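Presented below is the structure to which this report refers.
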Amino acid sequence: MNSMTNRNKHRCWYCPLYKKEIEDIECLDVQDVADRIRKPVAVPKEILDIPNFKAVCDKCEHRDLG
């Protein structure tokens, strides 16, 4: 993908937790919470309520792209 020059533009891809396309920054938030780098308040409660949300995130093909 081309380098982004506009800071307001984000890459998007499908998230199996949100069940829709999300921006890369949202993906990174979920990864950081799953890895315990950030506090759970960084993502919506609906994501935290998903059983084994960390395992789903860990297996995602977009993991570490955010």
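A note on labels: chains of the structure tokens are A, B, ... as shown, every chain counts residues from 1, and ligands are counted from 1 in their shown order.
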For Asp58 in chain A, list every protein, DNA or RNA residue within 10 Å, evaluated using only C-alpha atoms, and leave out those in the same chain fewer than 6 positions away; present the list as a compact mmCIF listing (two decimals) with C-alpha atoms, in the first residue's frame.
```txt
# COMPACT_ATOMS: atom_id res chain seq x y z
CA GLN A 31 -4.12 -5.57 20.33
CA ALA A 34 -5.11 -8.05 24.55
CA ASP A 35 -1.36 -7.78 25.26
CA ASN A 52 -11.55 -15.39 24.64
CA ASP A 64 0.46 -6.64 14.19
```
So which residues touch Cys57 in chain A within 12 Å, counting only C-alpha atoms, skipping near sequence neighbours fewer than 5 positions away, as a short mmCIF file (atom, residue, chain, number, x, y, z; two decimals) with all heavy atoms, in the first residue's frame?
```cif
data_model
loop_
_atom_site.label_atom_id
_atom_site.label_comp_id
_atom_site.auth_asym_id
_atom_site.auth_seq_id
_atom_site.Cartn_x
_atom_site.Cartn_y
_atom_site.Cartn_z
N TYR A 14 -11.13 -5.84 8.00
CA TYR A 14 -12.17 -6.53 8.75
C TYR A 14 -11.64 -7.05 10.07
O TYR A 14 -10.57 -7.67 10.13
CB TYR A 14 -12.73 -7.70 7.93
CG TYR A 14 -13.83 -8.43 8.66
CD1 TYR A 14 -15.13 -7.95 8.65
CD2 TYR A 14 -13.57 -9.60 9.36
CE1 TYR A 14 -16.15 -8.61 9.34
CE2 TYR A 14 -14.57 -10.26 10.06
CZ TYR A 14 -15.85 -9.76 10.04
OH TYR A 14 -16.85 -10.40 10.73
N CYS A 15 -12.39 -6.81 11.14
CA CYS A 15 -12.03 -7.30 12.47
C CYS A 15 -13.04 -8.37 12.88
O CYS A 15 -14.24 -8.11 12.89
CB CYS A 15 -12.06 -6.16 13.47
SG CYS A 15 -11.79 -6.71 15.18
N PRO A 16 -12.56 -9.57 13.22
CA PRO A 16 -13.48 -10.63 13.64
C PRO A 16 -14.14 -10.35 14.99
O PRO A 16 -15.15 -10.97 15.32
CB PRO A 16 -12.59 -11.87 13.71
CG PRO A 16 -11.22 -11.35 13.90
CD PRO A 16 -11.17 -10.02 13.19
N LEU A 17 -13.61 -9.42 15.76
CA LEU A 17 -14.23 -9.07 17.04
C LEU A 17 -15.35 -8.05 16.83
O LEU A 17 -16.45 -8.21 17.34
CB LEU A 17 -13.19 -8.51 18.01
CG LEU A 17 -12.14 -9.52 18.46
CD1 LEU A 17 -11.00 -8.82 19.18
CD2 LEU A 17 -12.76 -10.56 19.37
N TYR A 18 -15.07 -7.00 16.08
CA TYR A 18 -16.08 -5.99 15.79
C TYR A 18 -17.09 -6.48 14.74
O TYR A 18 -18.16 -5.92 14.61
CB TYR A 18 -15.43 -4.70 15.26
CG TYR A 18 -14.82 -3.81 16.30
CD1 TYR A 18 -13.48 -3.94 16.68
CD2 TYR A 18 -15.57 -2.80 16.90
CE1 TYR A 18 -12.92 -3.09 17.62
CE2 TYR A 18 -15.01 -1.95 17.83
CZ TYR A 18 -13.69 -2.10 18.19
OH TYR A 18 -13.14 -1.26 19.12
N CYS A 27 -7.75 -1.24 15.67
CA CYS A 27 -7.12 -2.55 15.72
C CYS A 27 -5.97 -2.54 16.73
O CYS A 27 -5.84 -3.44 17.55
CB CYS A 27 -6.63 -2.93 14.33
SG CYS A 27 -5.83 -4.53 14.22
N LEU A 28 -5.18 -1.51 16.67
CA LEU A 28 -4.04 -1.40 17.58
C LEU A 28 -4.51 -1.29 19.03
O LEU A 28 -3.90 -1.87 19.93
CB LEU A 28 -3.17 -0.21 17.21
CG LEU A 28 -1.87 -0.05 17.97
CD1 LEU A 28 -1.00 -1.29 17.84
CD2 LEU A 28 -1.13 1.18 17.49
N ASP A 29 -5.61 -0.57 19.25
CA ASP A 29 -6.16 -0.47 20.61
C ASP A 29 -6.51 -1.86 21.15
O ASP A 29 -6.17 -2.20 22.29
CB ASP A 29 -7.42 0.39 20.63
CG ASP A 29 -7.13 1.88 20.48
OD1 ASP A 29 -5.97 2.30 20.70
OD2 ASP A 29 -8.08 2.62 20.15
N VAL A 30 -7.18 -2.68 20.34
CA VAL A 30 -7.57 -4.02 20.77
C VAL A 30 -6.33 -4.87 21.03
O VAL A 30 -6.25 -5.57 22.05
CB VAL A 30 -8.48 -4.70 19.73
CG1 VAL A 30 -8.77 -6.15 20.13
CG2 VAL A 30 -9.79 -3.93 19.59
N GLN A 31 -5.35 -4.80 20.14
CA GLN A 31 -4.12 -5.57 20.33
C GLN A 31 -3.42 -5.17 21.64
O GLN A 31 -2.96 -6.03 22.39
CB GLN A 31 -3.15 -5.33 19.17
CG GLN A 31 -3.60 -5.97 17.88
CD GLN A 31 -2.60 -5.69 16.77
OE1 GLN A 31 -1.40 -5.87 16.95
NE2 GLN A 31 -3.10 -5.26 15.63
N ASP A 32 -3.35 -3.87 21.89
CA ASP A 32 -2.68 -3.39 23.11
C ASP A 32 -3.39 -3.86 24.38
O ASP A 32 -2.75 -4.22 25.36
CB ASP A 32 -2.57 -1.87 23.11
CG ASP A 32 -1.49 -1.35 22.17
OD1 ASP A 32 -0.71 -2.17 21.63
OD2 ASP A 32 -1.43 -0.12 21.97
N VAL A 33 -4.72 -3.87 24.34
CA VAL A 33 -5.47 -4.37 25.50
C VAL A 33 -5.27 -5.88 25.64
O VAL A 33 -5.05 -6.39 26.74
CB VAL A 33 -6.96 -4.00 25.39
CG1 VAL A 33 -7.78 -4.71 26.47
CG2 VAL A 33 -7.15 -2.49 25.50
N ALA A 34 -5.31 -6.60 24.52
CA ALA A 34 -5.11 -8.05 24.55
C ALA A 34 -3.72 -8.40 25.11
O ALA A 34 -3.55 -9.38 25.82
CB ALA A 34 -5.28 -8.64 23.16
N ASP A 35 -2.74 -7.56 24.79
CA ASP A 35 -1.36 -7.78 25.26
C ASP A 35 -1.08 -7.13 26.61
O ASP A 35 0.06 -7.14 27.07
CB ASP A 35 -0.37 -7.23 24.23
CG ASP A 35 -0.40 -8.01 22.93
OD1 ASP A 35 -0.88 -9.16 22.92
OD2 ASP A 35 0.08 -7.46 21.91
N ILE A 47 -16.42 -5.59 23.21
CA ILE A 47 -15.24 -6.38 22.78
C ILE A 47 -14.73 -7.18 23.97
O ILE A 47 -14.41 -8.37 23.85
CB ILE A 47 -14.15 -5.46 22.21
CG1 ILE A 47 -14.65 -4.70 20.98
CG2 ILE A 47 -12.88 -6.26 21.90
CD1 ILE A 47 -15.12 -5.56 19.84
N LEU A 48 -14.63 -6.55 25.12
CA LEU A 48 -14.14 -7.23 26.31
C LEU A 48 -15.05 -8.37 26.74
O LEU A 48 -14.60 -9.33 27.36
CB LEU A 48 -13.98 -6.23 27.46
CG LEU A 48 -13.01 -5.08 27.22
CD1 LEU A 48 -13.08 -4.10 28.38
CD2 LEU A 48 -11.59 -5.58 27.00
N ILE A 50 -16.54 -10.45 24.80
CA ILE A 50 -16.44 -11.59 23.89
C ILE A 50 -15.56 -12.65 24.56
O ILE A 50 -14.42 -12.35 24.95
CB ILE A 50 -15.85 -11.18 22.53
CG1 ILE A 50 -16.79 -10.20 21.84
CG2 ILE A 50 -15.56 -12.40 21.66
CD1 ILE A 50 -16.21 -9.56 20.59
N PRO A 51 -16.09 -13.87 24.70
CA PRO A 51 -15.27 -14.93 25.31
C PRO A 51 -13.96 -15.12 24.53
O PRO A 51 -13.97 -15.15 23.31
CB PRO A 51 -16.15 -16.17 25.21
CG PRO A 51 -17.54 -15.66 25.06
CD PRO A 51 -17.41 -14.34 24.32
N ASN A 52 -12.87 -15.18 25.25
CA ASN A 52 -11.55 -15.39 24.64
C ASN A 52 -11.20 -14.34 23.59
O ASN A 52 -10.60 -14.64 22.57
CB ASN A 52 -11.46 -16.79 24.03
CG ASN A 52 -11.67 -17.86 25.06
OD1 ASN A 52 -11.13 -17.79 26.16
ND2 ASN A 52 -12.48 -18.85 24.73
N HIS A 62 -4.75 -9.98 10.58
CA HIS A 62 -4.28 -8.59 10.56
C HIS A 62 -3.50 -8.23 11.81
O HIS A 62 -3.09 -7.09 11.98
CB HIS A 62 -5.47 -7.64 10.40
CG HIS A 62 -6.25 -7.91 9.17
ND1 HIS A 62 -5.75 -7.72 7.91
CD2 HIS A 62 -7.50 -8.41 8.99
CE1 HIS A 62 -6.65 -8.06 7.01
NE2 HIS A 62 -7.73 -8.49 7.66
N ARG A 63 -3.29 -9.19 12.67
CA ARG A 63 -2.54 -8.97 13.90
C ARG A 63 -1.19 -8.35 13.58
O ARG A 63 -0.50 -8.76 12.64
CB ARG A 63 -2.37 -10.32 14.61
CG ARG A 63 -1.52 -10.27 15.83
CD ARG A 63 -2.31 -9.77 17.01
NE ARG A 63 -1.45 -9.85 18.20
CZ ARG A 63 -1.75 -9.29 19.33
NH1 ARG A 63 -2.86 -8.64 19.46
NH2 ARG A 63 -0.95 -9.39 20.35
N ASP A 64 -0.82 -7.35 14.32
CA ASP A 64 0.46 -6.64 14.19
C ASP A 64 0.58 -5.79 12.93
O ASP A 64 1.66 -5.34 12.60
CB ASP A 64 1.64 -7.61 14.29
CG ASP A 64 1.69 -8.31 15.63
OD1 ASP A 64 1.36 -7.66 16.65
OD2 ASP A 64 2.04 -9.49 15.68
N LEU A 65 -0.52 -5.55 12.24
CA LEU A 65 -0.48 -4.64 11.09
C LEU A 65 -0.87 -3.23 11.48
O LEU A 65 -0.63 -2.31 10.72
CB LEU A 65 -1.42 -5.14 9.97
CG LEU A 65 -1.05 -6.47 9.33
CD1 LEU A 65 -2.11 -6.82 8.28
CD2 LEU A 65 0.31 -6.39 8.67
N GLY A 66 -1.53 -3.08 12.63
CA GLY A 66 -2.06 -1.80 13.05
C GLY A 66 -1.04 -0.86 13.47
O GLY A 66 -0.17 -0.37 13.56
#
```
Sel. of strand (DSSP E or B) residues, chain A, as JSON, numbers by chain | {"A": [12, 13, 14, 15, 20, 21, 22, 23]}
DSSP alpha helix (DSSP H) selection over chain A, as a ChimeraX atom specification = /A:24-34,45-48,53-59
Arg11 in chain A surroundings by only C-alpha atoms, 8 Å radius, close-in-sequence under 2 positions cut, as a ChimeraX atom specification = /A:9,13,23-24
